[in-house]
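See structure below.
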Amino acid sequence: MIQLNINGQDQQVDVEPEMPLLWVLRDTLGMTGTKFGCGIAQCGACTVHLNGQPVRSCSYPVSAAVGQKIVTIEGLSNDSTHPVQEAWLALDVPQCGYCQSGQIMAASALLAKIPKPTDKDIDEAMTNICRCGTYQRIRAAIHHAAETGKGIGSVIHYMAEGHESTSIDSETITNA
Amino acid sequence: MTTQLNTPEQVNLENISNLESSDLKLSRRSFVVGTASAVGGGLSVGFHVPALAQSAQAAATQEVNAWVVIRPDDSCVIRVVRAEMGQGTHTGLAQLVAEELECDWARVSVQQMTAGQNLARNRVWKNMATGGSRGIRESHEYVRQGGAAAKIVLLQAAANQFGVPVAELSVSKGVINHAASGRQLSYGQVADQASKLPAPDVKTIKLKSPKDWKLAGQPLKRLDTAMKVNGRLKYAVDIKLPGMVYAAIKACPVFEGKLKSFDDSAVKSMRGVKAVLRVDDNAVAVVADNWWRAKQALNALPIVWDEGVHAKASSETIRANIVEGLTSSNNVYAETNIGDVDDAIAKAHKRVEATYITPFVSHACMEPMNCTALITENKAEVWVASQNAEASLAELAKSTGLDVSKCEVYNSSLGTGFGRRGGFQDYVKQAALIGKQMLGTPVKLLWSREEDITHDFYRPIGHCKMSAGLDKQGNLVGMSIRVSGQSINAFAAPHNIKDGKDRRQLQGLWPEPDDAQFGYTIPNLKVEYAMRNSHVPVGPWRGVNTNQNGLYSECFMEEVVHASGKDALEFRRALLKDHPKHLGVLNAVAEKAGWGKPTAAGRHRGIAQFMGYGSYTAAVAEISIKGNEIKIHKLVLATNCGHAVNQRMVAAQVEGSVAYALDTLQSEVTIKDGRVEQSNFDTYPIARLKQMPHIETVIAPTFDFWGGVGEPTICVVAPAILNAIYKARGTPIRNLPLKNSGLKIV
């Protein structure tokens with residue numbers, strides 16, 4: 001039996017030591033918030049925190065996670081109130097959403113390490129793939145969460161006939 | 001259950017799929033669907049998706065009409081059948097329904113109906129196929145009518161209760177007000193009575209003018225974000241059913257090859273392995289109690305393939321055939337032949353000639369292909385990410401041999417689609433064939449990324465030879481465009497090729513008003529297509545064909561501009577004077593990008609315009625080059641999509657189009673020994689955050705048509721960037737991807 005600490009809870013799993021942590025989470029424990037994207041640590045959809053560090057769980061043997069504090073998207077907060085989650089909600093970042101667990105885990109690890117990241121810090125830390133191309137809003141949401149004042153989200157120039165040309169940016173979204 | 005089930009008499013599946021399928025012959029035969037009772041009441045079909053369970057229960061109560069359910073607590077469920085794959089269509093369709101319904105937007109949720117439910121009710125929700133950027137533009141009218149019809153009966157129910165004429169009532173945010181008496185009723189209070197009233201004749205329904213819209217046209221937040229930030233949204237790949245087992249699959253690496261044999265003795269005793277199965281004549285699967293164990297055993301399984309006749313095919317042999325098509329007179333058709341192009345170019349003062357090359361590219365959907373099947377003697381169910389749940393249903397019925405009335409498809413939100421998950425339902429077929437061998441046991445089939453990249457339906461490879469002539473004043477007098485390359489229709493939908501004319505491969509180059517019209521007026525113009533197919537499967541790839549055709553025509557136009565010595569914007573403006581909508585977005589993008597104003601030192605701009613999916617788009621890119629490294633600083637992108645239902649979601653699609661278009665510049669699938677050489681994201685590069693420019697979206701709707709949004713922008717991104725690179729380097733890039741020119745995007 002392998003002893004794990006996931007989202008603050010001790011869990012025992014009867015799996016091969018070389019099984020990647022991703023498949024223990026998904027298939028053994030039914031924690032499907034962490035996603036499979038490539039299996040070779042290229043896309044980051046499977047990102048979780050081990051002792052606060054972002055790790056691509058598809059290529060991380062479960063035995064190596066023993067003794068570390070594992071945090072998954074399900075455990076980042078109880079109620080989606082982590083500042084990164086709040087920023088993602090505020091800026092409507094996700095499109096299909098499939099990669100966003102990994103993006104949020106990567107972004108939250110970045111902010112834990114660098115509370116006020118620069119664009120260059122974001123470039124270097126955020127190497128996860130998003131096929132929908134939500135990157136501009138991801139960058140803006142990280143700035144938003146970090147309160148750097150540098151976030152530029154969607155810039156929209158609305159030029160409908162009969163309307164004044166207006167600009168909308170993503171930090172001013174409102175619900176009707 | 002308040003629902004009235006229509007009894008379908010004969011629902012012909014012939015037209016259910018307007019996305020192609022390699023094997024939708026079933027749907028093209030006359031195929032009779034069983035009666036509603038055989039489906040078990042349609043709406044009582046339970047979703048086994050935890051996240052959807054509540055809305056399934058809601059479906060059985062308080063249905064005002066097919067589109068609208070209002071619960072006693074005033075919460076409002078709006079039904080949709082188009083697939084949500086990130087493009088925001090569920091929120092957009094809900095906005096349109098809610099606009100007419102006048103309900104409280106804060107209480108709206110969306111319910112995805114199933115293919116079985118749609119068929120059982122005589123396709124009351126109409127087309128489920130979600131591709132070609134059609135989600136909004138081809139359903140806006142009937143969904144708004146659905147909302148309006150619901151409002152009519154809700155108001156009538158309140159009028160009956162008050163004993164007053166409907167004309168004395170007003171409604172706002174789901175609260176009906178009788179001003180004269182000060183009485184109010186909420187939609188939830190009258191929904192039950194409303195559901196018993198006769199539905200109004202659709203012909204009597206007058207829809208609002210977009211000028212009066214309050215919800216539609218507004219940049220509202222998406223309805224489906226909350227569960228995408230906490231991991232709780234269940235995609236198809238996340239389904240867990242009692243007793244479920246997991247399957248990993250491998251198909252013959254050479255297309256059209258066969259599975260000869262495998263030796264399961266080596267893997268049968270591996271931990272967790274339940275079965276090793278021949279799926280069909282092409283693939284083998286290992287089933288285990290965990291996907292990783294299944295995959296480990298599959299990796300260890302000795303397999304013998306019959307690689308077939310294509311085992312020696314390569315990119316070189318495929319390209320040689322295509323190059324022949326550039327000048328051949330065999331198997332070529334002319335879509336446009338105005339004036340005398342050859343004569344005009346021969347007599348021209350200046351001539352320009354170029355051949356552009358675009359490779360196969362892969363969809364690489366973020367959620368790998370998967371399908372969970374539960375097959376019994378008399379019932380077949382699948383949980384799948386599908387852009388066309390009715391095509392999934394048809395494939396399930398065919399693969400299991402069960403009547404379609406005994407089949408059901410549960411479609412969740414898709415981890416992207418891009419055209420890969422539409423007509424082609426190969427993963428449904430495989431899951432059904434595995435499930436049939438394990439009756440009563442749910443099986444989750446999941447492809448590895450390697451299986452995905454090597455068994456896609458790729459964007460067709462193509463070359464394009466173009467020539468043009470200019471007069472002494474630098475005016476364009478003639479242009480010839482010859483596309484040679486693979487055909488999507490030939491592979492997936494040969495019935496769409498009429499009289500040897502495969503118009504689809506020329507999307508965006510069509511002469512007449514259509515949803516992908518060529519905007520330039522040129523006195524002598526010839527546009528031709530030479531079909532040159534290979535054994536590599538091809539299919540629609542987001543921005544289908546307009547991506548290649550837009551790149552060909554807009555990059556070549558830049559070479560013509562260069563030869564003319566004129567400004568790229570002014571040159572195009574003159575040619576677009578007969579097509580004011582093409583011209584309109586070009587002018588809009590030029591204005592917002594500051595075309596003609598000086599750039600920062602070392603920066604260069606490029607411009608492009610094109611039309612696809614009913615919408616007009618244009619782009620200005622700003623780049624710089626250091627050594628072999630290209631930095632894309634900024635893209636300004638304009639779109640006239642007719643009506644913009646949600647500006648922020650339009651912007652999201654435009655921003656996403658930039659990332660997707662970068663595939664066009666930096667990715668390629670190549671063939672060696674009959675198979676795909678790339679296999680995963682280490683060999684098939686995908687755009688990363690650091691490569692992204694700052695993007696500005698210009699939305700310039702004219703409200704006189706309905707165009708698409710998800711695809712049309714992609715086709716102008718790559719040419720605008722390439723034209724900026726041309727400006728910087730002084731030589732055009734004609735052979736994609738960029739690495740063929742020793743360049744990369746940083």
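Just remember, in the structure tokens the first chain shown is A, the second B, etc., residues are 1-based per chain, and ligands are 1-based in the order shown.
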- prompt: stretch 22-176 of chain A: which residues are strand (DSSP E) by DSSP, as JSON, numbers by chain?
  reply: {"A": [47, 48, 49, 50, 53, 54, 55, 56, 69, 70, 71, 155, 156, 157, 158, 166, 167, 168, 169]}
Write a file of the just-selected residues containing C-alpha atoms, as a PDB file, in the first residue's frame.
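Produced file out.pdb, reproduced below:
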ATOM      1  CA  THR A  47      -0.566  19.901 -13.243  1.00  0.00           C
ATOM      2  CA  VAL A  48      -0.875  19.453  -9.461  1.00  0.00           C
ATOM      3  CA  HIS A  49       1.111  20.880  -6.549  1.00  0.00           C
ATOM      4  CA  LEU A  50       3.619  18.777  -4.608  1.00  0.00           C
ATOM      5  CA  GLN A  53       5.608  23.121  -6.552  1.00  0.00           C
ATOM      6  CA  PRO A  54       3.800  22.617  -9.886  1.00  0.00           C
ATOM      7  CA  VAL A  55       4.307  19.070 -11.139  1.00  0.00           C
ATOM      8  CA  ARG A  56       3.039  17.348 -14.294  1.00  0.00           C
ATOM      9  CA  LYS A  69       1.606  17.332   0.301  1.00  0.00           C
ATOM     10  CA  ILE A  70      -0.363  16.843  -2.911  1.00  0.00           C
ATOM     11  CA  VAL A  71      -2.867  19.526  -3.853  1.00  0.00           C
ATOM     12  CA  VAL A 155      -9.755  44.696 -25.942  1.00  0.00           C
ATOM     13  CA  ILE A 156     -12.903  45.134 -27.987  1.00  0.00           C
ATOM     14  CA  HIS A 157     -13.687  48.008 -30.319  1.00  0.00           C
ATOM     15  CA  TYR A 158     -17.397  47.904 -31.070  1.00  0.00           C
ATOM     16  CA  THR A 166     -16.830  52.047 -28.013  1.00  0.00           C
ATOM     17  CA  SER A 167     -14.099  50.034 -26.380  1.00  0.00           C
ATOM     18  CA  ILE A 168     -14.706  47.338 -23.832  1.00  0.00           C
ATOM     19  CA  ASP A 169     -12.016  45.646 -21.808  1.00  0.00           C
TER      20      ASP A 169
END
field: Contacts of B:Asn299 within 12 Å, only C-alpha atoms, excl. fewer than 2 positions in-chain, as a PyMOL selection string
entry: chain B and resi 248-250+262+264+266-267+270+284-286+292-297+301-303+448+450
Just write the chosen residues, N, CA and C atoms, as a CSV table (one decimal), in the first residue's frame.
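Saved file out19.csv follows:
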chain,number,residue,atom,x,y,z
B,248,ALA,N,-7.4,0.8,-23.8
B,248,ALA,CA,-6.4,1.5,-24.6
B,248,ALA,C,-6.3,0.8,-25.9
B,249,ILE,N,-6.1,1.6,-27.0
B,249,ILE,CA,-6.3,1.1,-28.3
B,249,ILE,C,-5.1,1.4,-29.2
B,250,LYS,N,-4.8,0.6,-30.2
B,250,LYS,CA,-3.8,0.9,-31.2
B,250,LYS,C,-4.3,0.4,-32.5
B,262,PHE,N,-2.0,-10.7,-33.0
B,262,PHE,CA,-1.3,-10.3,-31.8
B,262,PHE,C,-1.1,-11.4,-30.9
B,264,ASP,N,-1.4,-12.4,-27.1
B,264,ASP,CA,-1.8,-11.8,-25.8
B,264,ASP,C,-1.2,-12.6,-24.7
B,266,ALA,N,1.7,-12.7,-23.6
B,266,ALA,CA,2.7,-12.0,-22.9
B,266,ALA,C,2.1,-10.9,-22.0
B,267,VAL,N,0.9,-10.5,-22.2
B,267,VAL,CA,0.3,-9.4,-21.4
B,267,VAL,C,-0.9,-9.8,-20.6
B,270,MET,N,-0.6,-9.5,-16.9
B,270,MET,CA,-0.2,-8.3,-16.3
B,270,MET,C,-1.3,-7.8,-15.4
B,284,VAL,N,-6.4,-3.1,-32.3
B,284,VAL,CA,-6.5,-4.0,-31.1
B,284,VAL,C,-6.6,-3.2,-29.9
B,285,ALA,N,-7.3,-3.7,-28.9
B,285,ALA,CA,-7.4,-2.9,-27.6
B,285,ALA,C,-7.1,-3.8,-26.4
B,286,VAL,N,-6.6,-3.2,-25.4
B,286,VAL,CA,-6.4,-3.9,-24.1
B,286,VAL,C,-7.3,-3.3,-23.1
B,292,TRP,N,-4.0,3.3,-17.3
B,292,TRP,CA,-2.6,3.2,-17.4
B,292,TRP,C,-2.1,1.8,-17.5
B,293,ARG,N,-2.8,0.9,-16.8
B,293,ARG,CA,-2.5,-0.5,-16.9
B,293,ARG,C,-2.8,-1.1,-18.2
B,294,ALA,N,-3.9,-0.6,-18.8
B,294,ALA,CA,-4.3,-1.1,-20.1
B,294,ALA,C,-3.2,-0.6,-21.1
B,295,LYS,N,-2.8,0.6,-21.0
B,295,LYS,CA,-1.8,1.2,-21.9
B,295,LYS,C,-0.5,0.5,-21.8
B,296,GLN,N,0.0,0.2,-20.5
B,296,GLN,CA,1.2,-0.5,-20.3
B,296,GLN,C,1.2,-1.9,-21.0
B,297,ALA,N,0.1,-2.6,-20.9
B,297,ALA,CA,-0.1,-3.9,-21.5
B,297,ALA,C,-0.1,-3.7,-23.1
B,301,LEU,N,2.4,-5.4,-25.9
B,301,LEU,CA,1.7,-6.5,-26.7
B,301,LEU,C,2.4,-6.6,-28.1
B,302,PRO,N,2.9,-7.8,-28.4
B,302,PRO,CA,3.4,-8.0,-29.7
B,302,PRO,C,2.3,-8.0,-30.8
B,303,ILE,N,2.4,-7.1,-31.7
B,303,ILE,CA,1.3,-7.0,-32.8
B,303,ILE,C,2.0,-7.1,-34.1
B,448,SER,N,-4.5,7.4,-26.5
B,448,SER,CA,-3.3,8.2,-26.1
B,448,SER,C,-3.1,9.4,-27.1
B,450,GLU,N,-0.5,9.9,-28.7
B,450,GLU,CA,0.1,9.4,-29.9
B,450,GLU,C,-0.9,8.9,-30.9
query: Residues at most 9 Å from stretch 122-139 of chain A, counting only C-alpha atoms, excluding those fewer than 6 positions away in the same chain, as JSON, numbers by chain?
result: {"A": [42, 43, 44, 45, 47, 88, 91, 92, 93, 94, 95, 96, 97, 98, 99, 100, 102, 103, 104, 106, 107, 109, 110, 151, 152, 153, 154, 170], "B": [86, 87, 364, 365, 366, 416, 652, 653, 655, 656, 657, 658, 659, 660, 686, 687, 688, 689, 690, 691, 692, 693, 694, 695]}
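Across the structure, atom CA of B:Trp291 and atom CA of B:Cys252 are spaced 20.2 Å apart.
Using only C-alpha atoms, the shortest contact distance between B:Ala283 and any of B:Asp212, B:Glu451, B:Glu395, B:Asp74 is found at B:Glu451.
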message: I want to know what sits within 8 Å of stretch 1-16 of chain A, based on only C-alpha atoms, with residues of the same chain fewer than 6 positions away left out; could you give that as a PyMOL selection string?
response: chain A and resi 24+28+63+65-72+74-76
query: Where in stretch 27-166 of chain A does DSSP assign alpha helix (DSSP H), given as a ChimeraX atom specification?
result: /A:73-76,83-90,100-113,119-125,135-146
Go ahead and write the residues just picked, C-alpha atoms, as an mmCIF file, in the first residue's frame.
data_model
loop_
_atom_site.group_PDB
_atom_site.id
_atom_site.type_symbol
_atom_site.label_atom_id
_atom_site.label_comp_id
_atom_site.auth_asym_id
_atom_site.auth_seq_id
_atom_site.Cartn_x
_atom_site.Cartn_y
_atom_site.Cartn_z
ATOM 1 C CA ILE A 73 -7.648 21.504 -8.407
ATOM 2 C CA GLU A 74 -10.320 20.014 -6.147
ATOM 3 C CA GLY A 75 -8.303 21.080 -3.116
ATOM 4 C CA LEU A 76 -7.064 24.493 -4.229
ATOM 5 C CA PRO A 83 -7.536 34.465 -5.923
ATOM 6 C CA VAL A 84 -6.593 32.746 -9.166
ATOM 7 C CA GLN A 85 -9.987 31.065 -9.425
ATOM 8 C CA GLU A 86 -11.692 34.356 -8.660
ATOM 9 C CA ALA A 87 -9.663 36.085 -11.353
ATOM 10 C CA TRP A 88 -10.511 33.305 -13.833
ATOM 11 C CA LEU A 89 -14.196 33.834 -13.024
ATOM 12 C CA ALA A 90 -13.939 37.626 -13.180
ATOM 13 C CA GLN A 100 -7.913 25.158 -17.162
ATOM 14 C CA SER A 101 -7.386 22.971 -14.084
ATOM 15 C CA GLY A 102 -3.756 22.712 -15.093
ATOM 16 C CA GLN A 103 -3.526 26.401 -16.016
ATOM 17 C CA ILE A 104 -4.963 27.419 -12.645
ATOM 18 C CA MET A 105 -2.603 25.106 -10.753
ATOM 19 C CA ALA A 106 0.371 26.482 -12.704
ATOM 20 C CA ALA A 107 -0.748 30.079 -12.125
ATOM 21 C CA SER A 108 -1.383 29.591 -8.412
ATOM 22 C CA ALA A 109 2.074 28.039 -7.989
ATOM 23 C CA LEU A 110 3.586 31.011 -9.829
ATOM 24 C CA LEU A 111 1.849 33.516 -7.558
ATOM 25 C CA ALA A 112 2.905 31.617 -4.452
ATOM 26 C CA LYS A 113 6.499 32.008 -5.606
ATOM 27 C CA ASP A 119 4.982 39.451 -18.168
ATOM 28 C CA LYS A 120 8.311 37.685 -18.514
ATOM 29 C CA ASP A 121 7.693 35.716 -15.308
ATOM 30 C CA ILE A 122 4.314 34.711 -16.718
ATOM 31 C CA ASP A 123 5.856 33.719 -20.058
ATOM 32 C CA GLU A 124 8.338 31.462 -18.309
ATOM 33 C CA ALA A 125 5.963 29.870 -15.815
ATOM 34 C CA TYR A 135 -3.751 32.878 -23.373
ATOM 35 C CA GLN A 136 -4.460 36.604 -23.440
ATOM 36 C CA ARG A 137 -7.095 36.263 -20.735
ATOM 37 C CA ILE A 138 -4.866 33.879 -18.740
ATOM 38 C CA ARG A 139 -2.144 36.514 -18.679
ATOM 39 C CA ALA A 140 -4.647 39.214 -17.738
ATOM 40 C CA ALA A 141 -6.188 37.055 -15.010
ATOM 41 C CA ILE A 142 -2.796 36.393 -13.426
ATOM 42 C CA HIS A 143 -2.145 40.139 -13.326
ATOM 43 C CA HIS A 144 -5.651 40.611 -11.952
ATOM 44 C CA ALA A 145 -5.111 38.039 -9.178
ATOM 45 C CA ALA A 146 -1.723 39.537 -8.354
#
